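Since the structure comes first, as C-alpha cells, the remarks are kept for the end.
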Amino acid sequence: MKNINLLKNLNDKQKEVVSESRKNLLILAGAGSGKTLVLIRRIAWLIHKENCSPKSILAVTFTNKAALELKKRIKILLNNNQKNNIWIGTFHSFAYYLLRIHYLEAGLPKNFQIIDSYDQKNLIKRILKKMSLKDKIYSIKNIISYINNLKNNLYNKNIIYKNNLYNINLSKIYDEYQNFCKITEVIDFNELILCLYKLFLNNPNILKIYQKRFKNILIDEFQDTNDIQYKFISLLYNKHYDTKIVLVGDDDQSIYGWRGAKIENINHFLKDFDNVKIILLEQNYRSTSNILNAANKLISYNEIRQKKKLWTNSDNGKLISIYYALNEFDEAEYIAKYIKKYFFKKNIKLNNCAILYRNNVQSRVLEETMLKFSIPYQIYGGIHFFQRNEIKNTLAYLRLISNFNDDNSFEKIINIPKRGIGCNTLKIIKFVSEKFFLTLWQSSIYILKNKKYLNKINLNSLKKFINLIKKLKKNIIGKSLSIIIEETIKNSGLWHMYNQNCLFENNFNKINNLKEFINAANHFMNISFNDNKKNNLIDFLSKILLLTDDINVKKKNNNCDYNFVQMMTIHASKGLEFSKVFIIGMEEGIFPNKISFNEKNINEERRLAYVGITRAKKKLTLIYTKKRYLYGKEINSIPSRFLNELPENCIKKINYLKDKNIYLKNDVLKKKKYFIGQNIYHKIFGKGIILNIETLKDNKKLQIKFSNKKIRWIMSNYIQTYVIK
DNA sequence: ATAAAACGATTTTTT
DNA sequence: ATCGTTTTAT
C-alpha cells in the first residue's frame with residue numbers, strides 16, 4: 001500500500017496540487033481537468049506522505065452523489081476495507097451529524113426534524129393564509145429568498161431591507177415561520193448550517209474540539225458555496241492549529257447563483273486567508289480542440305472571471321454541427337435519426353450519448369420521439385422521488401407518528417384518504433389551536449375531550465383519525481423500518497386509496513413508487529453517517545431528506561441493460577461527460593432563458609452554455625428551430641446569441657429545412673385515430689384490444705383489454721399505446 | 001363535503 | 001399544454 005505512486009500519470013500542475021505541503025490552496029480546475037482524481041490523490045498523500053490522521057480530514061462536497069463517489073474511490077486507492085474515519089459529505093450532512101450530538105448546546109429539541117424546500121413552501125402558504133395576505137403580492141418565491149437571505153446574513157434584518165409596509169409584513173411572515181419551526185421542532189436546510197455556525201460561535205469549547213480535529217479541510221465545488229457556508233468555513237479554520245484548506249472550484253462553471261451561491265467567495269478567500277497558493281488546472285483530458293476552442297471563445301464573453309484557458313493535446317476532432325430545425329418535432333427527429341444511423345448501425349453504446357436542454361418541458365417531445373423510433377432512453381430529473389404526492393403522504397404519516405405536534409404533516413393527511421374531515425372542521429381545529437396556543441394535534445385532543453366546537457358527525461370523524469394515528473404509532477414498536485413503512489402505508493388506507501384506481505396509469509405508477517419506497521428504506525439505512533448505525537424512524541426521516549439518491553430516473557424502452565440515451569437539463573449534466581452531446585433549443589428566450597435577460601443572469605446562462613459544451617468528448621451538435629410550440633402557443637424562434645459567440649472555424653451549419661416542409665404535412669401533423677375493436681400494443685402491458693373510447697379535450701381515454709385479460713383505462717397521449725399497422 | 005369548472009402561471013434544483 | 005389552485009355547483 002505504501003508503494004502506490006501518488007504522482008503517477010499526472011501533469012506538473014496536478015502533481016503540485018497533490019504534493020504541495022502545508023499551504024492553503026485555491027485550485028481553479030477547469031472542466032475535464034482531472035479534478036476528482038487530484039482531490040483523491042491529495043487526500044491519500046496527506047495520509048501517507050504527511051502522516052496526517054484520516055480523522056483530521058474533512059472533505060465537503062456539493063452533493064451526496066459526489067460524496068459517495070469520493071468515498072468509493074478513496075477506499076479503492078487506499079486499498080483498505082476497514083473504516084478510515086475520513087469525514088466526507090455535504091455541508092448539510094455534516095451539520096446534521098454534529099447537531100444530533102450537540103443538540104442541547106444548539107438549543108434544539110432532541111428529536112428535531114428537517115424540512116425540505118417543499119415543506120418550506122407549504123408552510124409559507126399556511127402562514128400567508130393565517131395572516132390573510134394574498135400570495136400574489138407576497139409571492140412564495142420572494143418570501144423564500146427573503147428567509148434565506150436573512151439566514152445568510154445571520155438574521156440581521158436591518159442590513160438589506162427598507163422599512164415599508166411590504167417589508168414589515170415580510171418580516172412578520174419570517175417571525176411566524178421561525179416560530180412555527182420552533183413549535184413543531186423542525187429546521188430547514190439553511191438553518192441546519194446556521195445552527196451549527198451559531199453553536200460554534202457561542203460555544204468556543206466545542207468549536208475548539210473540531211478545530212483541533214479537522215486540520216485538513218477540502219471543499220469541492222467551491223464556486224457553489226453560499227454566504228453562510230463561507231462564514232462557517234472561516235469559523236472552523238484556525239491558523240493557530242496549523243489548519244490547511246484546499247478549495248477546488250471553477251468560476252466558469254458556477255450555475256447555481258439563483259440558489260444563493262456566490263462566486264465572489266473565491267475572491268473573499270484570497271483576501272481573508274493568509275498564504276493562499278493558486279493553482280490552475282487548465283489541461284483538459286476530455287474534449288477535442290474544436291470543442292474546447294468553442295467553449296473558450298464563448299466564455300470569454302463573460303468579462304469578470306478568473307482568466308483561465310483550457311487546452312488539450314488531442315487533435316481538432318470533428319466540427320461542431322449546428323442544425324437549423326423546422327420545429328421541436330423536427331429537432332427531436334433529427335437526433336433520433338442520427339442515433340439510429342451512428343449508434344445502432346455501428347452498435348455503439350447509447351450511454352455515450354446525451355441530449356441536454358435548458359428546461360424540463362423540452363424533454364416531452366424528445367420522449368415521444370424516442371418512443372416512436374424505439375430508442376431506449378433515461379430521463380434524469382423532473383419531479384423528485386420524495387416530492388411525489390404518494391411518497392409525501394406516506395412521509396407525513398410517518399412524521400406525525402414520530403411527532404404528534406408536526407402540524408405540517410397533520411394538516412397534509414388529516415383528510416387523505418378522505419375521511420369526512422373537510423376545511424370547516426380543519427378551520428375549527430385551527431381556530432382552537434390559535435386561541436389556546438396549541439398544536440393541531442393538541443387542539444384536536446382538546447376538542448374531543450370537551451366535545452365542543454364540532455357536531456357529532458365531525459367529532460366522530462376526528463376521533464377516528466386521532467385513534468388511527470395512535471394505533472399506527474403503537475404498531476411500530478420493535479419493527480424494522482421497511483415493515484413499519486409497509487404497514488403504515490397499508491393501515492393508513494393510502495395503499496387502498498391508490499390501489500382502488502389502479503386501472504389508471506397514474507395510480508399504477510403510484511403503487512409502484514410506494515413499493516419502491518418500502519424497498520428503498522433498507523437501502524437508505526445502510527448509507528449512514530460515519531459509524532452511526534442507529535436505525536430509528538426519526539433518524540431515517542431526516543436522513544432521507546439529506547441523502548437523496550437517484551431514484552428519480554425514468555427508464556423507458558428498456559431493451560438491454562445500461563444502454564440508454566441520457567436525457568437531462570444542462571444543470572443536471574454538470575460533472576458528467578459523453579462522447580456525443582446534443583444541446584437543443586438554442587434560441588433566445590429558451591437558452592438564454594427569457595427570465596435571465598439581464599447582464600448578471602446572462603452571464604450565468606453563458607456559464608451554463610459553457611458547462612453544456614464542455615460535456616462533449618468527441619462530437620457536439622447544437623440545434624435551434626424556426627418555430628416552436630411553447631405553453632400552447634406557436635412562437636417564431638430567434639437563434640441564441642450563444643451561437644454567434646462560437647468561432648466560425650469550429651462549426652458546420654446544417655440546414656435541411658426545404659425538404660422538411662413536405663414531410664411535415666404528411667406525417668407529424670397527422671393525428672392518430674382510434675376505434676373500438678382496434679388492436680394496439682402498449683409498452684408495459686403488451687398487446688390489447690380497444691373496448692371503449694372517451695374523448696377529452698385534446699386526447700382520448702382508451703379502455704383496453706390486454707392479453708392477460710386485465711382491463712385498464714389508458715390515456716392516448718401516454719404514447720405507450722401503439723397502433724399496429 | 002366533494003366534484004366540476006374556471007383560472008393562471010410557467011427555469012434551473014440540491015441540501 | 002399542463003399542472004396546481006381557486007371558485008362554483010351539486
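Simple scheme: letters A, B, ... for chains in C-alpha cells order, numbers from 1 for residues in each chain, numbers from 1 for ligands in the order shown.
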Could you name the residues that touch region 3-5 of chain B at 9 Å or less, counting only C-alpha atoms (C1' of nucleotides), but leaving out those on the same chain fewer than 6 positions away, as a ChimeraX atom specification?
-> /C:7-10
Near chain A, which residues of chain B fall within 7 Å when you count only C-alpha atoms (C1' of nucleotides), and what do they look like as a PDB file with C-alpha atoms (C1' of nucleotides), in the first residue's frame?
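Saved the output as part.pdb:
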```
ATOM      1  C1'  DA B   1     -68.257  17.709   1.738  1.00  0.00           C
ATOM      2  C1'  DT B  11     -36.080  27.990 -15.207  1.00  0.00           C
ATOM      3  C1'  DT B  12     -32.622  25.758 -13.488  1.00  0.00           C
ATOM      4  C1'  DT B  14     -29.625  20.101  -4.287  1.00  0.00           C
ATOM      5  C1'  DT B  15     -29.482  20.083   0.506  1.00  0.00           C
TER       6       DT B  15
END
```
Test item, strand (DSSP E) assignment across region 81-321 of chain A, answer as a PyMOL selection string | chain A and resi 87-90+113-115+186-188+216-219+244-249+276-281+320-321
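Interface residues on chain C toward chain A (cut-off 12 Å, only C-alpha atoms (C1' of nucleotides)): DA1, DT2, DC3 and DT5 of chain C.
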Keeping only N, CA and C atoms (P, O5', C5', C4', C3', O3' and C1' of nucleotides), take the residues you just selected and write them out as a PDB file, in the first residue's frame.
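Final output, result_17.pdb:
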```pdb
ATOM      1  P    DA C   1     -52.832  23.250 -26.609  1.00  0.00           P
ATOM      2  O5'  DA C   1     -51.441  22.685 -26.044  1.00  0.00           O
ATOM      3  C5'  DA C   1     -51.041  21.348 -26.206  1.00  0.00           C
ATOM      4  C4'  DA C   1     -50.216  20.954 -25.035  1.00  0.00           C
ATOM      5  C3'  DA C   1     -50.950  20.100 -24.003  1.00  0.00           C
ATOM      6  O3'  DA C   1     -50.015  19.182 -23.479  1.00  0.00           O
ATOM      7  C1'  DA C   1     -50.230  22.103 -22.985  1.00  0.00           C
ATOM      8  P    DT C   2     -50.481  18.006 -22.564  1.00  0.00           P
ATOM      9  O5'  DT C   2     -50.185  18.548 -21.107  1.00  0.00           O
ATOM     10  C5'  DT C   2     -48.928  19.161 -20.825  1.00  0.00           C
ATOM     11  C4'  DT C   2     -48.930  19.620 -19.384  1.00  0.00           C
ATOM     12  C3'  DT C   2     -49.914  18.871 -18.479  1.00  0.00           C
ATOM     13  O3'  DT C   2     -49.264  18.626 -17.252  1.00  0.00           O
ATOM     14  C1'  DT C   2     -50.292  21.153 -18.301  1.00  0.00           C
ATOM     15  P    DC C   3     -49.642  17.360 -16.415  1.00  0.00           P
ATOM     16  O5'  DC C   3     -49.300  17.851 -14.942  1.00  0.00           O
ATOM     17  C5'  DC C   3     -48.181  18.730 -14.709  1.00  0.00           C
ATOM     18  C4'  DC C   3     -48.637  19.869 -13.805  1.00  0.00           C
ATOM     19  C3'  DC C   3     -49.506  19.427 -12.622  1.00  0.00           C
ATOM     20  O3'  DC C   3     -48.837  19.709 -11.410  1.00  0.00           O
ATOM     21  C1'  DC C   3     -50.387  21.347 -13.701  1.00  0.00           C
ATOM     22  P    DT C   5     -51.155  23.583  -5.294  1.00  0.00           P
ATOM     23  O5'  DT C   5     -52.234  24.733  -5.487  1.00  0.00           O
ATOM     24  C5'  DT C   5     -51.808  25.986  -6.031  1.00  0.00           C
ATOM     25  C4'  DT C   5     -53.025  26.827  -6.325  1.00  0.00           C
ATOM     26  C3'  DT C   5     -54.044  26.887  -5.175  1.00  0.00           C
ATOM     27  O3'  DT C   5     -54.329  28.253  -4.909  1.00  0.00           O
ATOM     28  C1'  DT C   5     -55.112  26.366  -7.220  1.00  0.00           C
TER      29       DT C   5
END
```
Give the alpha helix (DSSP H) residues of region 267-481 of chain A, as DSSP finds them on the backbone, and put them as a count of residues only.
-> 105
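The space between CA of Arg22 (chain A) and CA of Ile193 (chain A) spans 27.4 Å.
Going from CA of Asp224 (chain A) to CA of Gly260 (chain A) covers 8.2 Å.
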Pull the closest atom pair for each residue of region 135-254 of chain A that gets at most 7 Å from region 25-29 of chain A, along with the distance in Å to one decimal, counting only C-alpha atoms, ordering rows by chain and then ascending residue number, as CSV.
```
residue,atom,partner,partner_atom,distance
A:Ile245,CA,A:Leu25,CA,6.3
A:Val246,CA,A:Leu25,CA,4.7
A:Leu247,CA,A:Leu26,CA,5.0
A:Val248,CA,A:Ile27,CA,4.7
A:Gly249,CA,A:Leu28,CA,5.3
A:Asp250,CA,A:Leu28,CA,5.3
```
Restrict the selected residues to N, CA and C atoms and save them as a compact mmCIF listing (two decimals), in the first residue's frame.
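Now in again_32.txt:
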```txt
# COMPACT_ATOMS: atom_id res chain seq x y z
N ILE A 245 -6.48 24.63 4.28
CA ILE A 245 -7.70 24.49 3.47
C ILE A 245 -7.35 24.32 2.00
N VAL A 246 -8.02 23.39 1.36
CA VAL A 246 -7.91 23.26 -0.09
C VAL A 246 -9.29 23.50 -0.69
N LEU A 247 -9.39 24.54 -1.50
CA LEU A 247 -10.65 24.80 -2.16
C LEU A 247 -10.52 24.46 -3.64
N VAL A 248 -11.46 23.70 -4.13
CA VAL A 248 -11.44 23.35 -5.54
C VAL A 248 -12.68 23.90 -6.18
N GLY A 249 -12.51 24.61 -7.28
CA GLY A 249 -13.69 25.17 -7.91
C GLY A 249 -13.40 25.66 -9.31
N ASP A 250 -14.46 26.12 -9.96
CA ASP A 250 -14.31 26.69 -11.29
C ASP A 250 -15.36 27.77 -11.44
```
Would you pick out the contacts of region 273-289 of chain A at 9 Å or less, using only C-alpha atoms (C1' of nucleotides), so that residues sharing its chain but fewer than 6 positions from it are not included, and give the list as a PDB file with C-alpha atoms, in the first residue's frame?
```pdb
ATOM      1  CA  ASN A  11       0.822  16.554 -15.216  1.00  0.00           C
ATOM      2  CA  LYS A  13       0.150  21.196 -12.138  1.00  0.00           C
ATOM      3  CA  GLN A  14      -1.736  18.180 -10.876  1.00  0.00           C
ATOM      4  CA  GLU A  16       1.662  20.331  -7.439  1.00  0.00           C
ATOM      5  CA  VAL A  17      -1.868  20.048  -6.117  1.00  0.00           C
ATOM      6  CA  LYS A  23      -0.375  25.618   2.385  1.00  0.00           C
ATOM      7  CA  ASN A  24      -3.839  26.938   1.780  1.00  0.00           C
ATOM      8  CA  LEU A  25      -4.674  26.140  -1.802  1.00  0.00           C
ATOM      9  CA  LEU A  26      -7.125  27.565  -4.265  1.00  0.00           C
ATOM     10  CA  ILE A  27      -7.405  25.199  -7.182  1.00  0.00           C
ATOM     11  CA  LEU A  28      -9.160  26.582 -10.212  1.00  0.00           C
ATOM     12  CA  ALA A  29      -9.957  23.397 -12.017  1.00  0.00           C
ATOM     13  CA  GLY A  30     -11.406  23.695 -15.499  1.00  0.00           C
ATOM     14  CA  ALA A  31     -13.897  21.244 -16.916  1.00  0.00           C
ATOM     15  CA  GLY A  32     -12.371  17.838 -17.549  1.00  0.00           C
ATOM     16  CA  SER A  33      -9.069  18.692 -15.889  1.00  0.00           C
ATOM     17  CA  GLY A  34      -8.989  15.638 -13.631  1.00  0.00           C
ATOM     18  CA  LYS A  35     -10.220  17.424 -10.542  1.00  0.00           C
ATOM     19  CA  SER A 234     -13.911  30.781   8.087  1.00  0.00           C
ATOM     20  CA  LYS A 239      -4.429  29.104  11.680  1.00  0.00           C
ATOM     21  CA  ILE A 245      -7.696  24.494   3.475  1.00  0.00           C
ATOM     22  CA  LYS A 308      -8.234  30.603 -17.382  1.00  0.00           C
ATOM     23  CA  LYS A 309      -7.986  28.881 -20.734  1.00  0.00           C
ATOM     24  CA  LEU A 310      -8.482  25.198 -21.304  1.00  0.00           C
ATOM     25  CA  TRP A 311      -6.131  23.458 -23.699  1.00  0.00           C
ATOM     26  CA  THR A 312      -5.629  19.925 -24.842  1.00  0.00           C
ATOM     27  CA  ASN A 313      -3.139  17.672 -26.537  1.00  0.00           C
ATOM     28  CA  SER A 314      -5.823  15.929 -28.543  1.00  0.00           C
ATOM     29  CA  ASP A 315      -6.458  16.887 -32.175  1.00  0.00           C
ATOM     30  CA  ASN A 316      -9.137  19.124 -33.656  1.00  0.00           C
ATOM     31  CA  GLY A 317     -11.680  16.355 -33.981  1.00  0.00           C
ATOM     32  CA  LYS A 318     -14.992  16.851 -35.716  1.00  0.00           C
ATOM     33  CA  GLU A 577     -19.178  13.549 -19.794  1.00  0.00           C
ATOM     34  CA  SER A 579     -18.800  11.132 -26.378  1.00  0.00           C
ATOM     35  CA  THR A 614     -17.700  21.001 -22.216  1.00  0.00           C
ATOM     36  CA  ARG A 615     -19.683  17.812 -21.507  1.00  0.00           C
ATOM     37  CA  ALA A 616     -18.864  16.614 -25.028  1.00  0.00           C
ATOM     38  CA  LYS A 617     -15.818  14.482 -25.635  1.00  0.00           C
ATOM     39  CA  LYS A 618     -15.870  13.830 -29.388  1.00  0.00           C
ATOM     40  CA  LYS A 619     -18.844  15.375 -31.102  1.00  0.00           C
ATOM     41  CA  CYS A 650     -15.064  25.233 -35.346  1.00  0.00           C
TER      42      CYS A 650
END
```
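As for CA of Leu646 (chain A) and CA of Ile322 (chain A), they are spaced 10.7 Å apart.
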Excluding same-chain residues fewer than 3 positions from Asn351 (chain A), what lies within 9 Å of it counting only C-alpha atoms (C1' of nucleotides), as a VMD selection string?
-> chain A and resid 348 354 377 562 to 566 578 to 579
Hey, what's within 12 Å of Leu643 (chain A) if we count only C-alpha atoms (C1' of nucleotides) and toss same-chain stuff fewer than 3 positions away? As JSON, numbers by chain, please?
-> {"A": [294, 295, 297, 298, 320, 321, 322, 323, 324, 583, 584, 585, 586, 587, 588, 591, 592, 606, 609, 610, 613, 621, 622, 623, 624, 638, 639, 640, 646, 647, 648, 650, 651, 652, 653]}
Do you know which residues are at most 8 Å from Asn475 (chain A) counting only C-alpha atoms (C1' of nucleotides), after dropping those on the same chain fewer than 3 positions away, and could you put them as JSON, numbers by chain?
-> {"A": [471, 472, 484]}
